[in-house]
Amino acid sequence: MNKKITLSLALLSVIFSASAQNDYTSGRDIDTAMKYGQYDVAKKELYKLLRTQPNEGNHYYRLGEIHLNENNRDSASYYFKQGLRTHKNVKINNIGIGKLSLLEGKDKEAKSKFNAGTQELKAGDFQTFLEIANAYTFAPKPDYDAALEFVGASLIVNKDTPEPHIARGDIYFAEKRFVDARRVYYEVSKMFPNSMLPKMKLADVFRAGNEFEEAIKVYDEILEKDPNYIDAYKQLALTYADYARFKDDRSLVEKGSENYFKYHNLIGESLDSDNELAAYLIKNKEYKGLGDLVRTKWFTRGDNFYMYRYRAIADFQNGLFLDAKESINKYFDVQDKKEEIQPIDYLYKGLSELESSRKEDGTFDENIYKKSIEEMSKAVKDNPKLGVALHQLGMDLFKDEHYEQAYFVFDLASKDEKSPYYVYDMYYKGNALYLASDKPMFNDQLQKAQQNLDVSMRKTPTFEAALVSARVNRNLNTATSLAQMEKDYESFVDLLNKKGMDNEPMFKDALIEAYTMIGNYNATSNKTKALNNFKKVLQLDSSNVYAKRQVQALN
């Protein structure tokens with residue numbers, strides 16, 4: 001059974017002009033770029049403004065906000081403090097320092113800074129109050145009462161716009177008081193029937209409650225009224241992705257990707273938004289779309305070295321192993337912040353090298369395999385967290401029936417014997433080798449499977465490992481392995497009984513298999529034992545023709 005899926009790569013018919021590489025930020029609206037997380041665009045424009053308007057405090061505040069959103073607290077603090085030294089719109093930077101103080105648990109300092117930052121606001125400035133309310137709502141230790149106070153202040157300033165009213169619902173939403181949040185959003189929708197924002201918020205509540213079809217219906221209604229309402233495309237993409245996982249339906253993921261690409265195209269060029277889209281595609285295993293994105297953006301994004309990483313992942317998943325190997329090696333070369341290299345990066349580096357060295361008969365050179373695994377295992381030993389992360393990745397691959405890839409991941413993860421998942425990693429290594437054994441990667445693949453299962457059983461006996469071990473030994477088909485097969489099937493039955501799961505319908509077929517194989521093994525050497533096991537088959541399935549014949553023959 002060849003469980004490995006190789007996707008074809010669609011060739012792009014449109015290639016962007018390379019001349020657009022360096023001017024995609026020019027003239028872009030900074031607030032809009034910040035709203036859509038296009039911080040690379042906003043930073044470049046703000047740096048330009050600082051050269052011509054060095055005394056404008058608001059420029060420093062927005063740069064500080066960007067660094068705060070990127071979790072660069074030291075840089076954020078620097079810009080907020082620089083902003084306090086300017087001459088125009090100075091006090092807004094107190095709001096930034098107040099947000100930093102909240103994140104650091106300095107509540108009194110935060111309150112003082114917020115008070116200082118709101119003393120001389122321009123008439124009609126309700127947004128600053130809402131920013132503070134948002135900071136309290138999403139602080140490490142949320143203060144919802146304080147958040148509501150600032151929402152109240154924003155309503156005093158301006159109650160004729162939906163945002164201050166909606167903010168009350170946002171606080172309830174953060175508290176997981178979904179009924180109250182829905183009530184507020186519905187009320188605001190009635191108050192401002194022409195605004196799409198409260199409708200978007202209602203859809204968000206539906207999505208949070210796993211009412212995906214209702215959420216999609218609302219987003220679609222919004223886009224029917226306004227096809228250029230950008231935010232709805234992204235929320236639709238996220239909702240379809242959640243719905244796909246909820247229903248285990250890949251066709252829904254495709255709809256999600258379609259909407260994310262629409263969103264991505266509408267918000268304009270940005271390195272950050274390219275990376276965000278790539279992360280969405282990887283998370284949802286849309287590797288064809290990732291390949292299309294990378295090959296399109298490669299010509300306008302030469303300065304984005306993350307593209308090496310994304311291209312490696314796309315190429316590997318799309319079966320272009322030599323290209324994947326080249327790209328991931330380049331990524332490792334240019335990545336100067338080694339702490340940002342993720343477990344999956346080490347995985348793709350090693351797997352690309354392995355896959356590109358596969359021999360014509362489908363097997364691997366043992367020396368190359370050993371060397372590649374040793375290189376990857378260094379990362380696991382240096383950082384135990386990588387082993388845990390790799391276990392989760394291996395489980396995803398195994399569930400998707402990518403058994404060969406799952407084996408490599410579990411092999412890497414199992415290099416850390418202190419991992420809490422070590423027993424499971426050894427079990428899944430053996431199981432993956434067994435399930436991929438119709439087109440073996442190694443000449444002694446079943447023997448390797450058995451060795452891994454033996455380790456798992458010695459550490460912690462489980463009925464799952466016993467069953468797979470029995471099947472492996474049956475396929476090895478030697479006198480020694482068949483004798484062990486009988487013991488494994490008996491262990492499976494015994495361990496299942498001890499768990500009190502022998503009457504579960506899901507194990508009926510496996511029990512019939514076990515009793516049948518034990519019966520067959522003893523048919524000539526121990527007829528009484530064989531007869532008893534075939535009778536157990538008939539207790540589970542009275543219509544089993546094979547067991548009936550065996551019982552008749554043995555009587």
# chains A, B, ... in the order shown; residues from 1 in each chain; ligands from 1
>>> residues_around(residues="Ser357 (chain A)", least_positions_apart="3", cutoff="12 Å", atoms="only C-alpha atoms", output="ChimeraX atom specification")
/A:321-322,325,350-354,360-369,371-372,441
>>> residues_around(residues="Val423 (chain A)", least_positions_apart="3", cutoff="9 Å", atoms="only C-alpha atoms", output="list in words")
Ser414, Glu417, Ser419, Pro420, Met426, Tyr427, Tyr428, Val455, Ser456, Met457, Lys459 and Thr460 of chain A
>>> write_last_selection(atoms="N, CA, C and O atoms", output="mmCIF file, in the first residue's frame")
data_model
loop_
_atom_site.group_PDB
_atom_site.id
_atom_site.type_symbol
_atom_site.label_atom_id
_atom_site.label_comp_id
_atom_site.auth_asym_id
_atom_site.auth_seq_id
_atom_site.Cartn_x
_atom_site.Cartn_y
_atom_site.Cartn_z
ATOM 1 N N SER A 414 12.148 10.109 18.654
ATOM 2 C CA SER A 414 12.494 9.059 19.618
ATOM 3 C C SER A 414 13.965 9.068 20.013
ATOM 4 O O SER A 414 14.385 8.270 20.851
ATOM 5 N N GLU A 417 15.115 9.807 24.660
ATOM 6 C CA GLU A 417 14.460 8.750 25.433
ATOM 7 C C GLU A 417 13.754 9.289 26.675
ATOM 8 O O GLU A 417 12.967 8.574 27.297
ATOM 9 N N SER A 419 11.750 11.839 26.548
ATOM 10 C CA SER A 419 10.502 12.464 26.101
ATOM 11 C C SER A 419 9.308 11.739 26.695
ATOM 12 O O SER A 419 9.293 10.503 26.774
ATOM 13 N N PRO A 420 8.267 12.468 27.112
ATOM 14 C CA PRO A 420 7.063 11.814 27.640
ATOM 15 C C PRO A 420 6.336 10.978 26.597
ATOM 16 O O PRO A 420 5.477 10.170 26.931
ATOM 17 N N MET A 426 8.030 5.140 19.614
ATOM 18 C CA MET A 426 8.539 3.829 19.188
ATOM 19 C C MET A 426 7.422 2.985 18.583
ATOM 20 O O MET A 426 7.627 2.281 17.577
ATOM 21 N N TYR A 427 6.242 3.041 19.178
ATOM 22 C CA TYR A 427 5.105 2.294 18.631
ATOM 23 C C TYR A 427 4.756 2.776 17.218
ATOM 24 O O TYR A 427 4.596 1.980 16.289
ATOM 25 N N TYR A 428 4.661 4.114 17.064
ATOM 26 C CA TYR A 428 4.266 4.643 15.760
ATOM 27 C C TYR A 428 5.370 4.454 14.717
ATOM 28 O O TYR A 428 5.077 4.324 13.522
ATOM 29 N N VAL A 455 10.621 -2.547 21.601
ATOM 30 C CA VAL A 455 11.032 -1.526 22.571
ATOM 31 C C VAL A 455 9.811 -0.909 23.236
ATOM 32 O O VAL A 455 9.759 -0.729 24.455
ATOM 33 N N SER A 456 8.819 -0.598 22.430
ATOM 34 C CA SER A 456 7.592 -0.009 22.971
ATOM 35 C C SER A 456 6.926 -0.942 23.968
ATOM 36 O O SER A 456 6.501 -0.520 25.053
ATOM 37 N N MET A 457 6.846 -2.236 23.626
ATOM 38 C CA MET A 457 6.193 -3.216 24.501
ATOM 39 C C MET A 457 6.984 -3.440 25.787
ATOM 40 O O MET A 457 6.398 -3.645 26.857
ATOM 41 N N LYS A 459 8.872 -1.221 27.311
ATOM 42 C CA LYS A 459 8.724 -0.030 28.148
ATOM 43 C C LYS A 459 7.339 0.031 28.784
ATOM 44 O O LYS A 459 7.201 0.185 29.997
ATOM 45 N N THR A 460 6.317 -0.077 27.951
ATOM 46 C CA THR A 460 4.928 -0.028 28.418
ATOM 47 C C THR A 460 4.071 -0.873 27.482
ATOM 48 O O THR A 460 3.769 -0.439 26.359
#
>>> select_by_dssp(residues="region 119-167 of chain A", states="helix (DSSP H, G or I)", output="PyMOL selection string")
chain A and resi 127-137+144-157+162-167
>>> residues_around(residues="region 192-206 of chain A", least_positions_apart="6", cutoff="10 Å", atoms="only C-alpha atoms", output="PyMOL selection string")
chain A and resi 160-163+165-166+169-170+173+176-179+181-186+212-219+221-223+225-226+229+231-232+235-236+239
>>> atom_distance(atom1="CA of Met395 (chain A)", atom2="CA of Leu281 (chain A)")
18.8 Å
>>> closest_residue(among="A:Leu511, A:Val41, A:Ala146, A:Leu252", to="Leu271 (chain A)", atoms="only C-alpha atoms")
A:Val41
>>> residues_around(residues="Gln445 (chain A)", least_positions_apart="3", cutoff="12 Å", atoms="only C-alpha atoms", output="JSON, numbers by chain")
{"A": [363, 364, 366, 404, 407, 429, 430, 431, 432, 433, 434, 435, 436, 437, 438, 439, 440, 441, 442, 448, 449, 450, 451, 452, 472, 475, 476]}
>>> write_last_selection(atoms="N, CA and C atoms", output="PDB file, in the first residue's frame")
ATOM      1  N   THR A 363      14.522   2.176  -2.064  1.00  0.00           N
ATOM      2  CA  THR A 363      15.135   2.071  -0.741  1.00  0.00           C
ATOM      3  C   THR A 363      16.169   3.174  -0.553  1.00  0.00           C
ATOM      4  N   PHE A 364      16.596   3.333   0.715  1.00  0.00           N
ATOM      5  CA  PHE A 364      17.584   4.349   1.036  1.00  0.00           C
ATOM      6  C   PHE A 364      18.945   3.712   1.274  1.00  0.00           C
ATOM      7  N   GLU A 366      21.694   3.119   3.600  1.00  0.00           N
ATOM      8  CA  GLU A 366      21.698   3.100   5.061  1.00  0.00           C
ATOM      9  C   GLU A 366      22.652   4.146   5.632  1.00  0.00           C
ATOM     10  N   GLU A 404       5.510   7.017   5.441  1.00  0.00           N
ATOM     11  CA  GLU A 404       6.963   7.123   5.315  1.00  0.00           C
ATOM     12  C   GLU A 404       7.467   8.358   6.049  1.00  0.00           C
ATOM     13  N   TYR A 407       7.225   8.037   9.768  1.00  0.00           N
ATOM     14  CA  TYR A 407       8.299   7.213  10.336  1.00  0.00           C
ATOM     15  C   TYR A 407       9.542   8.053  10.616  1.00  0.00           C
ATOM     16  N   LYS A 429       6.624   4.435  15.150  1.00  0.00           N
ATOM     17  CA  LYS A 429       7.708   4.104  14.209  1.00  0.00           C
ATOM     18  C   LYS A 429       7.482   2.714  13.624  1.00  0.00           C
ATOM     19  N   GLY A 430       7.248   1.747  14.505  1.00  0.00           N
ATOM     20  CA  GLY A 430       7.028   0.382  14.048  1.00  0.00           C
ATOM     21  C   GLY A 430       5.794   0.246  13.195  1.00  0.00           C
ATOM     22  N   ASN A 431       4.722   0.901  13.612  1.00  0.00           N
ATOM     23  CA  ASN A 431       3.460   0.816  12.873  1.00  0.00           C
ATOM     24  C   ASN A 431       3.597   1.454  11.495  1.00  0.00           C
ATOM     25  N   ALA A 432       4.277   2.606  11.433  1.00  0.00           N
ATOM     26  CA  ALA A 432       4.448   3.295  10.150  1.00  0.00           C
ATOM     27  C   ALA A 432       5.274   2.436   9.186  1.00  0.00           C
ATOM     28  N   LEU A 433       6.315   1.803   9.699  1.00  0.00           N
ATOM     29  CA  LEU A 433       7.123   0.926   8.841  1.00  0.00           C
ATOM     30  C   LEU A 433       6.287  -0.236   8.320  1.00  0.00           C
ATOM     31  N   TYR A 434       5.450  -0.795   9.173  1.00  0.00           N
ATOM     32  CA  TYR A 434       4.583  -1.907   8.760  1.00  0.00           C
ATOM     33  C   TYR A 434       3.601  -1.458   7.678  1.00  0.00           C
ATOM     34  N   LEU A 435       2.958  -0.308   7.885  1.00  0.00           N
ATOM     35  CA  LEU A 435       1.945   0.158   6.945  1.00  0.00           C
ATOM     36  C   LEU A 435       2.536   0.581   5.601  1.00  0.00           C
ATOM     37  N   ALA A 436       3.834   0.909   5.594  1.00  0.00           N
ATOM     38  CA  ALA A 436       4.495   1.301   4.342  1.00  0.00           C
ATOM     39  C   ALA A 436       5.324   0.169   3.748  1.00  0.00           C
ATOM     40  N   SER A 437       5.118  -1.046   4.230  1.00  0.00           N
ATOM     41  CA  SER A 437       6.020  -2.147   3.857  1.00  0.00           C
ATOM     42  C   SER A 437       5.741  -2.756   2.487  1.00  0.00           C
ATOM     43  N   ASP A 438       4.657  -2.360   1.824  1.00  0.00           N
ATOM     44  CA  ASP A 438       4.422  -2.913   0.491  1.00  0.00           C
ATOM     45  C   ASP A 438       5.421  -2.351  -0.518  1.00  0.00           C
ATOM     46  N   LYS A 439       5.905  -1.119  -0.249  1.00  0.00           N
ATOM     47  CA  LYS A 439       6.987  -0.536  -1.042  1.00  0.00           C
ATOM     48  C   LYS A 439       8.067  -0.119  -0.060  1.00  0.00           C
ATOM     49  N   PRO A 440       8.881  -1.054   0.382  1.00  0.00           N
ATOM     50  CA  PRO A 440       9.786  -0.807   1.506  1.00  0.00           C
ATOM     51  C   PRO A 440      10.856   0.238   1.229  1.00  0.00           C
ATOM     52  N   MET A 441      11.173   0.978   2.282  1.00  0.00           N
ATOM     53  CA  MET A 441      12.259   1.952   2.237  1.00  0.00           C
ATOM     54  C   MET A 441      13.591   1.277   2.573  1.00  0.00           C
ATOM     55  N   PHE A 442      13.508   0.178   3.323  1.00  0.00           N
ATOM     56  CA  PHE A 442      14.702  -0.548   3.767  1.00  0.00           C
ATOM     57  C   PHE A 442      14.539  -2.023   3.402  1.00  0.00           C
ATOM     58  N   LYS A 448      12.891  -4.072  11.135  1.00  0.00           N
ATOM     59  CA  LYS A 448      13.006  -2.777  11.827  1.00  0.00           C
ATOM     60  C   LYS A 448      11.713  -2.451  12.562  1.00  0.00           C
ATOM     61  N   ALA A 449      10.578  -2.722  11.910  1.00  0.00           N
ATOM     62  CA  ALA A 449       9.283  -2.472  12.547  1.00  0.00           C
ATOM     63  C   ALA A 449       9.168  -3.266  13.840  1.00  0.00           C
ATOM     64  N   GLN A 450       9.568  -4.534  13.773  1.00  0.00           N
ATOM     65  CA  GLN A 450       9.468  -5.404  14.945  1.00  0.00           C
ATOM     66  C   GLN A 450      10.357  -4.922  16.085  1.00  0.00           C
ATOM     67  N   GLN A 451      11.554  -4.473  15.761  1.00  0.00           N
ATOM     68  CA  GLN A 451      12.469  -3.969  16.785  1.00  0.00           C
ATOM     69  C   GLN A 451      11.881  -2.771  17.524  1.00  0.00           C
ATOM     70  N   ASN A 452      11.270  -1.856  16.780  1.00  0.00           N
ATOM     71  CA  ASN A 452      10.668  -0.671  17.415  1.00  0.00           C
ATOM     72  C   ASN A 452       9.471  -1.050  18.287  1.00  0.00           C
ATOM     73  N   VAL A 472       3.003  -7.900  12.181  1.00  0.00           N
ATOM     74  CA  VAL A 472       4.347  -7.885  11.608  1.00  0.00           C
ATOM     75  C   VAL A 472       4.943  -9.285  11.631  1.00  0.00           C
ATOM     76  N   ASN A 475       3.597 -11.499   9.000  1.00  0.00           N
ATOM     77  CA  ASN A 475       4.136 -11.227   7.666  1.00  0.00           C
ATOM     78  C   ASN A 475       5.591 -11.664   7.529  1.00  0.00           C
ATOM     79  N   LEU A 476       6.337 -11.700   8.621  1.00  0.00           N
ATOM     80  CA  LEU A 476       7.710 -12.213   8.568  1.00  0.00           C
ATOM     81  C   LEU A 476       7.707 -13.701   8.230  1.00  0.00           C
TER      82      LEU A 476
END
>>> residues_around(residues="Ile518 (chain A)", least_positions_apart="5", cutoff="8 Å", atoms="only C-alpha atoms", output="list in words")
Glu486, Tyr489, Glu490, Ala530 and Asn533 of chain A
>>> residues_around(residues="Tyr546 (chain A)", least_positions_apart="4", cutoff="9 Å", atoms="only C-alpha atoms", output="PDB file with all heavy atoms, in the first residue's frame")
ATOM      1  N   THR A 516      -8.862 -16.014  15.268  1.00  0.00           N
ATOM      2  CA  THR A 516      -8.687 -16.811  14.047  1.00  0.00           C
ATOM      3  C   THR A 516      -7.228 -17.226  13.867  1.00  0.00           C
ATOM      4  O   THR A 516      -6.924 -18.396  13.578  1.00  0.00           O
ATOM      5  CB  THR A 516      -9.164 -16.026  12.814  1.00  0.00           C
ATOM      6  OG1 THR A 516     -10.554 -15.703  12.963  1.00  0.00           O
ATOM      7  CG2 THR A 516      -8.972 -16.839  11.536  1.00  0.00           C
ATOM      8  N   PHE A 534     -11.659 -20.755  17.795  1.00  0.00           N
ATOM      9  CA  PHE A 534     -12.646 -20.625  16.717  1.00  0.00           C
ATOM     10  C   PHE A 534     -14.059 -20.462  17.281  1.00  0.00           C
ATOM     11  O   PHE A 534     -14.891 -19.760  16.693  1.00  0.00           O
ATOM     12  CB  PHE A 534     -12.561 -21.819  15.768  1.00  0.00           C
ATOM     13  CG  PHE A 534     -11.366 -21.784  14.857  1.00  0.00           C
ATOM     14  CD1 PHE A 534     -10.431 -22.818  14.834  1.00  0.00           C
ATOM     15  CD2 PHE A 534     -11.167 -20.692  14.006  1.00  0.00           C
ATOM     16  CE1 PHE A 534      -9.327 -22.770  13.997  1.00  0.00           C
ATOM     17  CE2 PHE A 534     -10.062 -20.648  13.159  1.00  0.00           C
ATOM     18  CZ  PHE A 534      -9.136 -21.686  13.160  1.00  0.00           C
ATOM     19  N   GLN A 550     -13.879 -24.669  10.494  1.00  0.00           N
ATOM     20  CA  GLN A 550     -12.771 -25.101  11.335  1.00  0.00           C
ATOM     21  C   GLN A 550     -13.263 -25.861  12.568  1.00  0.00           C
ATOM     22  O   GLN A 550     -12.664 -26.842  12.991  1.00  0.00           O
ATOM     23  CB  GLN A 550     -11.911 -23.896  11.762  1.00  0.00           C
ATOM     24  CG  GLN A 550     -11.168 -23.222  10.615  1.00  0.00           C
ATOM     25  CD  GLN A 550     -10.245 -24.173   9.885  1.00  0.00           C
ATOM     26  OE1 GLN A 550     -10.576 -24.683   8.809  1.00  0.00           O
ATOM     27  NE2 GLN A 550      -9.095 -24.455  10.476  1.00  0.00           N
ATOM     28  N   VAL A 551     -14.367 -25.373  13.138  1.00  0.00           N
ATOM     29  CA  VAL A 551     -14.943 -26.060  14.306  1.00  0.00           C
ATOM     30  C   VAL A 551     -15.381 -27.473  13.915  1.00  0.00           C
ATOM     31  O   VAL A 551     -15.134 -28.454  14.634  1.00  0.00           O
ATOM     32  CB  VAL A 551     -16.121 -25.252  14.881  1.00  0.00           C
ATOM     33  CG1 VAL A 551     -16.910 -26.095  15.897  1.00  0.00           C
ATOM     34  CG2 VAL A 551     -15.611 -23.976  15.546  1.00  0.00           C
TER      35      VAL A 551
END
>>> residues_around(residues="Lys285 (chain A)", least_positions_apart="2", cutoff="12 Å", atoms="only C-alpha atoms", output="PyMOL selection string")
chain A and resi 7+241+244-245+250+253-254+256-257+278-283+287-291+313-314+317-318+396-397+400
>>> closest_residue(among="A:Glu120, A:Phe463, A:Ser481, A:Thr137", to="Gln447 (chain A)", atoms="only C-alpha atoms")
A:Ser481
